Amino acid sequence: MEKMVTGQDSRVLQECVTCYACEEYCGRGNHPFYFITERRQQKGILTAPRAITRQWINVGEPRGRHELGEIKKKVLSFGFMPQFLQLVQGRLFDDVMPSYVFGQEFFCNVVYLHFANTSVIKDRLPAVIEQFRELGVREVVCMHDECYAAFTSLAPAYGIRIPFKPIHYFEYLYARLQQLRKEITPIKVKVAYQRPCSSRLCPESHHFVEDIMRLLGVDLIARRYEGQNALCCGSIFRMMYGYDLATDVQTRNIDDMVAHGVEYCVFNCPACQDALGIKVAKRQIHPIHIIDLCRIAIGEKRETEVP
Amino acid sequence: MHDLTTSLSEIVGHRYVATTPEECYFYARDPGLMPAHEPDYVVVPKTVKQVQEIVRLAVKENVPIVPMGAGMTLTGLTIPLRGGIVIDLKRMNRILAVNEKARYVIVEGGTSHGVLKAFLERHYPRLRHSIPDAPPTSTVAANVMIHGQGRLSQQYGFNSDMVAGLEVVLASGDICKIGSCALSPEWFSRGAPLPDLSGLFLGWFGATGIITKMALKLYPGKKMRDVEIFVTDSEDFIPDIIYELTHTEMVEDINIFAQPLPMLFKDNHHVVIYLTGDTDEELEFKRKMIFDALEGFIQRKDGGFMSLAAGIQHTLLEMPQRSASTFADVTKGGGFEYSGPIIVVDKYPHCARKLAELASRYDLAYNATARIIGRGHCMMFAFSFTFNRADSDMMDRARHALSEASEFVLSVGGVFWKPTVYEQRMILEKMHPQTRSLMQMIKANLDPTGILNPGNWEIT
């Protein structure tokens with residue numbers, strides 16, 4: 001770090017694979033990963049192939065085609081993840097839906113940290129915040145860690161003011177499940193939680209995983225790759241570095257689940273589920289998003305209905 | 001004219017002869033840009049004998065004949081340029097025999113790719129054919145007649161290279177068998193070890209004879225299939241990427257596409273890599289070989305494997321792919337045509353740049369699509385434009401753009417695939433004179449009265 005602070009070359013600038021974990025390990029709020037990213041951009045050190053970086057930047061460009069529900073003071077932000085349009089259903093979201101936003105205009109752009117490109121974030125994030133401000137919302141329930149971290153970690157780190165209260169959807173789910181507590185039938189299965197990279201940017205919300213699992217009556221197994229020692233889904237590694245690193249990380253992760261007799265792999269991030277869902281299923285572990293798991297517990301879904 | 005209608009009805013039955021304007025309307029055109037021309041008669045035979053009788057009648061009456069499968073070439077090859085009789089072969093759609101161990105199928109001349117695919121999946125799941133990305137109604141015989149390409153072209157060449165025998169009705173009305181079937185009950189080879197006579201018919205667009213039966217080679221049908229997309233920001237890397245990929249011999253099919261919309265695809269060139277296997281282990285082994293082959297590009301940041309959402313993956317794994325049809329109407333108004341020359345892979349960068357330049361100059365929506373044929377031996381590169389048929393100015397611009405693309409292709413050593421009659425003339429003008437004379441000799445001998453699909457491959 002000293003080398004980087006003084007502007008020298010450091011092997012970190014070349015070798016960091018953008019797992020984001022250092023953001024969690026640093027207990028002093030110094031944002032080491034944001035710093036690494038800034039330095040990389042200054043020095044023109046690419047993490048991903050140019051075409052991949054360009055593709056992601058193009059995809060996130062606002063196109064004026066966003067989707068708004070019936071906006072109230074409290075909204076759900078799906079960011080730019082269309083999976084939430086399907087996932088967010090039922091009584092869990094009764095008190096907010098159909099107040100939601102979706103589209104590039106509400107895409108936090110935090111993913112560009114992976115691509116050593118903070119300038120896109122700094123360009124676009126203020127406009128995203130402005131969109132929310134114009135809608136007059138007071139509370140934004142963020143359905144993705146990146147979205148939440150954009151408002152609670154990244155924006156403050158760059159001195160950007162947030163004119164609403166960001167709420168992590170885990171916190172929202174936990175509160176809602178408590179309201180529906182009487183309707184919960186414990187799901188007595190062994191689960192592993194697949195922690196996303198962006199959860200490292202907002203580690204203060206991670207405890208809700210345990211809290212929610214306890215409410216649902218599932219057995220969140222203790223395993224090697226959990227908590228601070230979690231392994232990412234590997235999808236970013238695959239795009240940026242090819243086969244070997246991604247396969248190694250994914251194999252170790254799933255082997256660990258199998259070794260601990262896991263029955264369900266619970267996902268938070270839909271992209272992680274895309275990357276690992278089929279792979280865990282091939283090892284006889286049921287992939288499931290945490291929202292679907294909650295819906296099973298309150299009797300809204302059966303296991304067989306979950307893809 | 002009335003007499004000929006009666007005579008045709010006597011051959012095929014009156015239900016299978018059409019002469020009304022509304023019926024002839026559809027046989028006068030295809031979805032491309034070639035001007036329409038109506039036939040005088042449309043006839044839909046069921047048997048080879050009926051085809052023979054129609055041909056004999058046409059010769060006697062000196063009326064042109066245009067054989068037709070599904071009429072999907074987009075380049076007007078089944079438009080009856082001089083009127084006459086369109087012979088629609090769709091009722092001749094039987095699958096006659098499969099030799100599983102020798103891996104070939106014998107089909108009638110109007111059998112569609114969709115029917116053959118469904119038949120094989122149901123009865124011979126370990127066998128498959130090289131299905132093109134044309135609508136499933138396109139016919140097997142017409143596809144080999146135009147030297148089409150399909151899912152197995154990267155491994156085995158043009159679909160016409162997979163022909164294992166032909167039965168052709170000649171202009172005399174006689175039947176001629178080509179390949180091993182000329183002397184054996186088995187249809188395992190279209191030529192070798194005999195002189196290969198299939199070239200007298202394949203690529204001639206029905207101007208030398210009508211295919212009524214054909215044998216097609218089949219290939220191992222694997223249980224699993226997957227797709228990866230390798231993206232690069234420069235067309236200049238494509239030839240080397242293809243060279244490395246084909247060297248692995250692990251790939252089923254390789255397509256390339258580039259288009260400005262949607263934003264996901266803007267600015268990049270996408271190499272779509274298909275792989276197959278009977279087990280997860282086989283599939284993963286091949287995947288690793290493919291990743292390893294392109295490792296250098298990843299290290300240099302010149303390209304990488306993109307993350308595929310389930311929806312894109314599903315679309316890409318369709319056979320045939322419907323996305324081509326979706327693109328075909330992106331402008332709305334139902335107009336779509338492409339110039340799809342066969343070029344050496346080295347020329348991809350030149351063609352990609354030319355396409356972008358033409359699209360910009362003529363203000364047209366465009367898409368570049370390429371398919372590798374053989375182990376990098378050549379590729380089909382499609383200069384594709386969509387247009388609104390209700391917008392004559394846009395149609396004119398598309399015509400000009402395609403015409404310029406054609407000239408460009410010849411200038412870089414390419415050869416038109418399924419050329420329009422105008423492109424056929426360009427080819428014949430550029431062709432070596434002795435080759436042209438040989439083609440003229442073949443045409444004159446096989447179609448002495450000039451009634452077979454006149455206007456096509458006419459050498460004066």
# chains A, B, ... in the order shown; residues from 1 in each chain; ligands from 1
$ interface_residues --of "chain B" --to "chain A" --cutoff "10 Å" --atoms "only C-alpha atoms" --output "VMD selection string"
chain B and resid 230 to 234 262 to 270 280 287 to 292 294 to 295 297 to 310
$ write_last_selection --atoms "C-alpha atoms" --output "compact mmCIF listing (two decimals), in the first residue's frame"
# COMPACT_ATOMS: atom_id res chain seq x y z
CA PHE B 230 -15.28 -14.52 -27.28
CA VAL B 231 -15.33 -10.77 -27.82
CA THR B 232 -12.66 -8.56 -29.24
CA ASP B 233 -12.61 -4.85 -29.98
CA SER B 234 -10.75 -5.12 -33.25
CA PRO B 262 -28.35 -3.44 -28.97
CA MET B 263 -25.72 -1.68 -26.88
CA LEU B 264 -24.48 -5.01 -25.55
CA PHE B 265 -22.99 -5.68 -28.97
CA LYS B 266 -21.80 -2.19 -29.88
CA ASP B 267 -18.14 -1.66 -30.80
CA ASN B 268 -17.11 -5.32 -30.58
CA HIS B 269 -16.76 -8.41 -32.74
CA HIS B 270 -18.24 -11.57 -31.27
CA ASP B 280 -19.80 -33.06 -18.66
CA ARG B 287 -14.01 -25.84 -23.11
CA LYS B 288 -10.62 -25.73 -21.41
CA MET B 289 -8.84 -26.43 -24.69
CA ILE B 290 -10.77 -23.57 -26.28
CA PHE B 291 -10.01 -21.14 -23.44
CA ASP B 292 -6.37 -22.19 -23.48
CA LEU B 294 -7.19 -18.00 -26.71
CA GLU B 295 -5.25 -17.42 -23.50
CA PHE B 297 -5.49 -12.78 -26.36
CA ILE B 298 -6.87 -12.66 -22.81
CA GLN B 299 -3.43 -11.99 -21.33
CA ARG B 300 -2.82 -9.15 -23.77
CA LYS B 301 -6.34 -7.83 -23.05
CA ASP B 302 -7.18 -8.15 -26.74
CA GLY B 303 -10.24 -10.26 -26.08
CA GLY B 304 -12.16 -12.22 -23.51
CA PHE B 305 -15.08 -14.55 -22.94
CA MET B 306 -18.23 -12.60 -22.18
CA SER B 307 -20.70 -13.58 -19.52
CA LEU B 308 -23.79 -15.08 -21.11
CA ALA B 309 -27.20 -14.46 -19.60
CA ALA B 310 -29.51 -17.44 -19.78
$ residues_around --residues "stretch 94-108 of chain A" --least-positions-apart "4" --cutoff "8 Å" --atoms "only C-alpha atoms" --output "number ranges by chain"
A: 60-72, 74-82, 90, 121, 124-125, 127-129, 131-132, 146-147, 150
$ residues_around --residues "A:Tyr20" --least-positions-apart "5" --cutoff "9 Å" --atoms "only C-alpha atoms" --output "list of chain:residue names"
A:Phe33, A:Leu113, A:His114, A:Cys197, A:Ser198, A:Ser199, A:Arg200, A:Leu201
$ write_last_selection --atoms "N, CA and C atoms" --output "PDB file, in the first residue's frame"
ATOM      1  N   PHE A  33      -9.622  -0.752  -1.695  1.00  0.00           N
ATOM      2  CA  PHE A  33      -9.899  -1.181  -3.072  1.00  0.00           C
ATOM      3  C   PHE A  33     -10.219  -0.005  -3.985  1.00  0.00           C
ATOM      4  N   LEU A 113     -15.920  -0.906 -10.885  1.00  0.00           N
ATOM      5  CA  LEU A 113     -14.733  -1.092 -10.033  1.00  0.00           C
ATOM      6  C   LEU A 113     -13.936  -2.300 -10.517  1.00  0.00           C
ATOM      7  N   HIS A 114     -14.663  -3.338 -10.949  1.00  0.00           N
ATOM      8  CA  HIS A 114     -13.968  -4.531 -11.462  1.00  0.00           C
ATOM      9  C   HIS A 114     -13.091  -4.178 -12.663  1.00  0.00           C
ATOM     10  N   CYS A 197     -19.327 -10.712  -4.296  1.00  0.00           N
ATOM     11  CA  CYS A 197     -18.173  -9.833  -4.092  1.00  0.00           C
ATOM     12  C   CYS A 197     -18.613  -8.492  -3.524  1.00  0.00           C
ATOM     13  N   SER A 198     -19.745  -7.969  -4.028  1.00  0.00           N
ATOM     14  CA  SER A 198     -20.139  -6.615  -3.634  1.00  0.00           C
ATOM     15  C   SER A 198     -20.616  -6.540  -2.184  1.00  0.00           C
ATOM     16  N   SER A 199     -20.874  -7.711  -1.588  1.00  0.00           N
ATOM     17  CA  SER A 199     -21.220  -7.726  -0.160  1.00  0.00           C
ATOM     18  C   SER A 199     -20.043  -7.210   0.676  1.00  0.00           C
ATOM     19  N   ARG A 200     -18.835  -7.322   0.101  1.00  0.00           N
ATOM     20  CA  ARG A 200     -17.639  -6.819   0.816  1.00  0.00           C
ATOM     21  C   ARG A 200     -17.650  -5.295   0.941  1.00  0.00           C
ATOM     22  N   LEU A 201     -18.433  -4.652   0.067  1.00  0.00           N
ATOM     23  CA  LEU A 201     -18.483  -3.186   0.117  1.00  0.00           C
ATOM     24  C   LEU A 201     -19.466  -2.698   1.181  1.00  0.00           C
TER      25      LEU A 201
END
$ closest_residue --among "B:Thr279, B:Ser184, B:Thr111, B:Gln154" --to "B:Met214" --atoms "only C-alpha atoms"
B:Thr111
$ select_by_dssp --residues "stretch 158-403 of chain B" --states "alpha helix (DSSP H)" --output "PyMOL selection string"
chain B and resi 238-248+280-293+295-299+310-317+323-328+348-362+392-403
$ atom_distance --atom1 "atom CA of B:Leu216" --atom2 "atom CA of B:Ile87"
22.2 Å
$ residues_around --residues "A:Pro196" --least-positions-apart "4" --cutoff "8 Å" --atoms "only C-alpha atoms" --output "list of chain:residue names"
A:Asp145, A:Arg200, A:Cys232, A:Cys233, A:Asn268, A:Cys269, A:Cys272
$ atom_distance --atom1 "atom CA of B:Ala182" --atom2 "atom CA of B:Leu170"
14.8 Å
$ residues_around --residues "B:Leu57" --least-positions-apart "5" --cutoff "9 Å" --atoms "only C-alpha atoms" --output "PyMOL selection string"
chain B and resi 4+7-8+52+62-63+173
$ residues_around --residues "stretch 377-393 of chain B" --least-positions-apart "5" --cutoff "8 Å" --atoms "only C-alpha atoms" --output "number ranges by chain"
B: 327-345, 348, 351, 355, 359, 364-372, 398, 402, 405, 417
$ write_last_selection --atoms "N, CA and C atoms" --output "tab-separated table (two decimals), in the first residue's frame"
chain	number	residue	atom	x	y	z
B	327	PHE	N	-33.68	-10.14	-36.47
B	327	PHE	CA	-32.90	-9.03	-37.04
B	327	PHE	C	-33.49	-8.61	-38.38
B	328	ALA	N	-33.98	-9.60	-39.13
B	328	ALA	CA	-34.47	-9.32	-40.48
B	328	ALA	C	-35.60	-8.29	-40.48
B	329	ASP	N	-36.26	-8.10	-39.34
B	329	ASP	CA	-37.35	-7.13	-39.31
B	329	ASP	C	-37.06	-6.00	-38.33
B	330	VAL	N	-35.79	-5.76	-38.04
B	330	VAL	CA	-35.46	-4.76	-37.03
B	330	VAL	C	-35.88	-3.36	-37.48
B	331	THR	N	-35.85	-3.12	-38.80
B	331	THR	CA	-36.25	-1.81	-39.30
B	331	THR	C	-37.76	-1.70	-39.40
B	332	LYS	N	-38.43	-2.83	-39.32
B	332	LYS	CA	-39.88	-2.96	-39.55
B	332	LYS	C	-40.15	-2.73	-41.04
B	333	GLY	N	-41.12	-3.45	-41.52
B	333	GLY	CA	-41.45	-3.33	-42.93
B	333	GLY	C	-41.00	-4.53	-43.74
B	334	GLY	N	-40.42	-5.52	-43.06
B	334	GLY	CA	-40.23	-6.83	-43.67
B	334	GLY	C	-39.17	-6.95	-44.74
B	335	GLY	N	-38.25	-6.01	-44.86
B	335	GLY	CA	-37.22	-6.13	-45.89
B	335	GLY	C	-35.89	-6.54	-45.29
B	336	PHE	N	-35.30	-7.55	-45.88
B	336	PHE	CA	-34.00	-8.02	-45.39
B	336	PHE	C	-33.27	-8.68	-46.55
B	337	GLU	N	-32.04	-8.28	-46.75
B	337	GLU	CA	-31.24	-9.01	-47.73
B	337	GLU	C	-29.78	-8.90	-47.34
B	338	TYR	N	-29.04	-9.91	-47.74
B	338	TYR	CA	-27.61	-9.83	-47.49
B	338	TYR	C	-26.84	-10.32	-48.70
B	339	SER	N	-25.69	-9.77	-48.82
B	339	SER	CA	-24.74	-10.29	-49.78
B	339	SER	C	-23.79	-11.13	-48.96
B	340	GLY	N	-23.75	-12.41	-49.25
B	340	GLY	CA	-22.97	-13.31	-48.39
B	340	GLY	C	-21.85	-14.01	-49.14
B	341	PRO	N	-20.83	-13.28	-49.48
B	341	PRO	CA	-19.75	-13.90	-50.24
B	341	PRO	C	-18.95	-14.90	-49.42
B	342	ILE	N	-18.29	-15.78	-50.11
B	342	ILE	CA	-17.33	-16.68	-49.48
B	342	ILE	C	-15.96	-16.04	-49.65
B	343	ILE	N	-15.29	-15.86	-48.53
B	343	ILE	CA	-13.99	-15.18	-48.54
B	343	ILE	C	-12.99	-15.99	-47.72
B	344	VAL	N	-11.73	-15.70	-47.90
B	344	VAL	CA	-10.75	-16.30	-46.98
B	344	VAL	C	-10.83	-15.52	-45.66
B	345	VAL	N	-10.50	-16.21	-44.58
B	345	VAL	CA	-10.70	-15.62	-43.24
B	345	VAL	C	-9.89	-14.33	-43.08
B	348	TYR	N	-11.68	-10.97	-43.39
B	348	TYR	CA	-12.74	-10.52	-42.47
B	348	TYR	C	-12.58	-9.03	-42.11
B	351	CYS	N	-13.76	-6.76	-44.94
B	351	CYS	CA	-15.21	-6.77	-45.16
B	351	CYS	C	-15.95	-6.09	-44.01
B	355	LEU	N	-18.41	-2.93	-44.55
B	355	LEU	CA	-19.83	-2.98	-44.16
B	355	LEU	C	-20.19	-1.78	-43.30
B	359	ALA	N	-22.93	1.05	-44.37
B	359	ALA	CA	-24.11	1.29	-43.54
B	359	ALA	C	-24.19	2.76	-43.14
B	364	LEU	N	-28.23	2.86	-43.15
B	364	LEU	CA	-29.00	1.62	-43.05
B	364	LEU	C	-28.64	0.87	-41.77
B	365	ALA	N	-29.62	0.15	-41.23
B	365	ALA	CA	-29.32	-0.76	-40.12
B	365	ALA	C	-28.57	-1.96	-40.68
B	366	TYR	N	-27.55	-2.40	-39.97
B	366	TYR	CA	-26.73	-3.47	-40.54
B	366	TYR	C	-26.33	-4.49	-39.50
B	367	ASN	N	-25.86	-5.59	-40.04
B	367	ASN	CA	-25.34	-6.66	-39.20
B	367	ASN	C	-24.31	-7.42	-40.03
B	368	ALA	N	-23.21	-7.70	-39.41
B	368	ALA	CA	-22.21	-8.56	-40.06
B	368	ALA	C	-22.32	-9.93	-39.41
B	369	THR	N	-22.44	-10.94	-40.23
B	369	THR	CA	-22.47	-12.30	-39.70
B	369	THR	C	-21.52	-13.13	-40.54
B	370	ALA	N	-20.79	-13.99	-39.89
B	370	ALA	CA	-19.89	-14.85	-40.65
B	370	ALA	C	-19.96	-16.26	-40.08
B	371	ARG	N	-19.74	-17.22	-40.94
B	371	ARG	CA	-19.66	-18.60	-40.46
B	371	ARG	C	-18.40	-19.24	-41.06
B	372	ILE	N	-17.66	-19.88	-40.20
B	372	ILE	CA	-16.43	-20.52	-40.67
B	372	ILE	C	-16.78	-21.81	-41.40
B	398	ALA	N	-30.56	0.39	-49.94
B	398	ALA	CA	-30.10	-0.97	-49.65
B	398	ALA	C	-29.55	-1.63	-50.92
B	402	LEU	N	-25.75	-2.94	-51.31
B	402	LEU	CA	-25.45	-4.34	-51.64
B	402	LEU	C	-24.64	-4.44	-52.92
B	405	ALA	N	-21.21	-3.58	-52.12
B	405	ALA	CA	-20.60	-4.69	-51.37
B	405	ALA	C	-20.15	-5.78	-52.33
B	417	TRP	N	-21.79	-15.98	-52.91
B	417	TRP	CA	-22.54	-17.18	-52.55
B	417	TRP	C	-23.99	-16.96	-52.99
$ atom_distance --atom1 "atom CA of A:Val249" --atom2 "atom CA of A:Gly234"
6.4 Å
$ select_by_dssp --residues "stretch 299-402 of chain B" --states "strand (DSSP E)" --output "VMD selection string"
chain B and resid 303 to 305 334 to 339 342 to 343 365 to 373 378 to 388
$ write_last_selection --atoms "C-alpha atoms" --output "mmCIF file, in the first residue's frame"
data_model
loop_
_atom_site.group_PDB
_atom_site.id
_atom_site.type_symbol
_atom_site.label_atom_id
_atom_site.label_comp_id
_atom_site.auth_asym_id
_atom_site.auth_seq_id
_atom_site.Cartn_x
_atom_site.Cartn_y
_atom_site.Cartn_z
ATOM 1 C CA GLY B 303 -10.244 -10.263 -26.083
ATOM 2 C CA GLY B 304 -12.165 -12.219 -23.508
ATOM 3 C CA PHE B 305 -15.084 -14.546 -22.943
ATOM 4 C CA GLY B 334 -40.229 -6.829 -43.670
ATOM 5 C CA GLY B 335 -37.225 -6.135 -45.885
ATOM 6 C CA PHE B 336 -33.996 -8.021 -45.395
ATOM 7 C CA GLU B 337 -31.242 -9.012 -47.729
ATOM 8 C CA TYR B 338 -27.610 -9.833 -47.492
ATOM 9 C CA SER B 339 -24.742 -10.285 -49.782
ATOM 10 C CA ILE B 342 -17.334 -16.680 -49.483
ATOM 11 C CA ILE B 343 -13.986 -15.178 -48.545
ATOM 12 C CA ALA B 365 -29.319 -0.759 -40.117
ATOM 13 C CA TYR B 366 -26.735 -3.469 -40.541
ATOM 14 C CA ASN B 367 -25.343 -6.662 -39.199
ATOM 15 C CA ALA B 368 -22.208 -8.562 -40.057
ATOM 16 C CA THR B 369 -22.467 -12.300 -39.698
ATOM 17 C CA ALA B 370 -19.886 -14.854 -40.651
ATOM 18 C CA ARG B 371 -19.659 -18.603 -40.461
ATOM 19 C CA ILE B 372 -16.428 -20.520 -40.668
ATOM 20 C CA ILE B 373 -16.367 -23.212 -43.337
ATOM 21 C CA CYS B 378 -12.895 -19.971 -45.788
ATOM 22 C CA MET B 379 -15.902 -18.160 -44.368
ATOM 23 C CA MET B 380 -19.230 -16.840 -45.453
ATOM 24 C CA PHE B 381 -19.387 -13.143 -44.618
ATOM 25 C CA ALA B 382 -22.845 -11.601 -44.777
ATOM 26 C CA PHE B 383 -23.241 -7.897 -45.508
ATOM 27 C CA SER B 384 -26.789 -7.717 -44.111
ATOM 28 C CA PHE B 385 -29.128 -4.775 -44.348
ATOM 29 C CA THR B 386 -32.731 -4.420 -43.282
ATOM 30 C CA PHE B 387 -35.167 -2.073 -44.917
ATOM 31 C CA ASN B 388 -38.787 -1.075 -44.923
#
$ residues_around --residues "stretch 313-316 of chain B" --least-positions-apart "2" --cutoff "12 Å" --atoms "only C-alpha atoms" --output "PyMOL selection string"
(chain A and resi 274) or (chain B and resi 133+151+225-229+253-257+271-275+306-311+318-326)
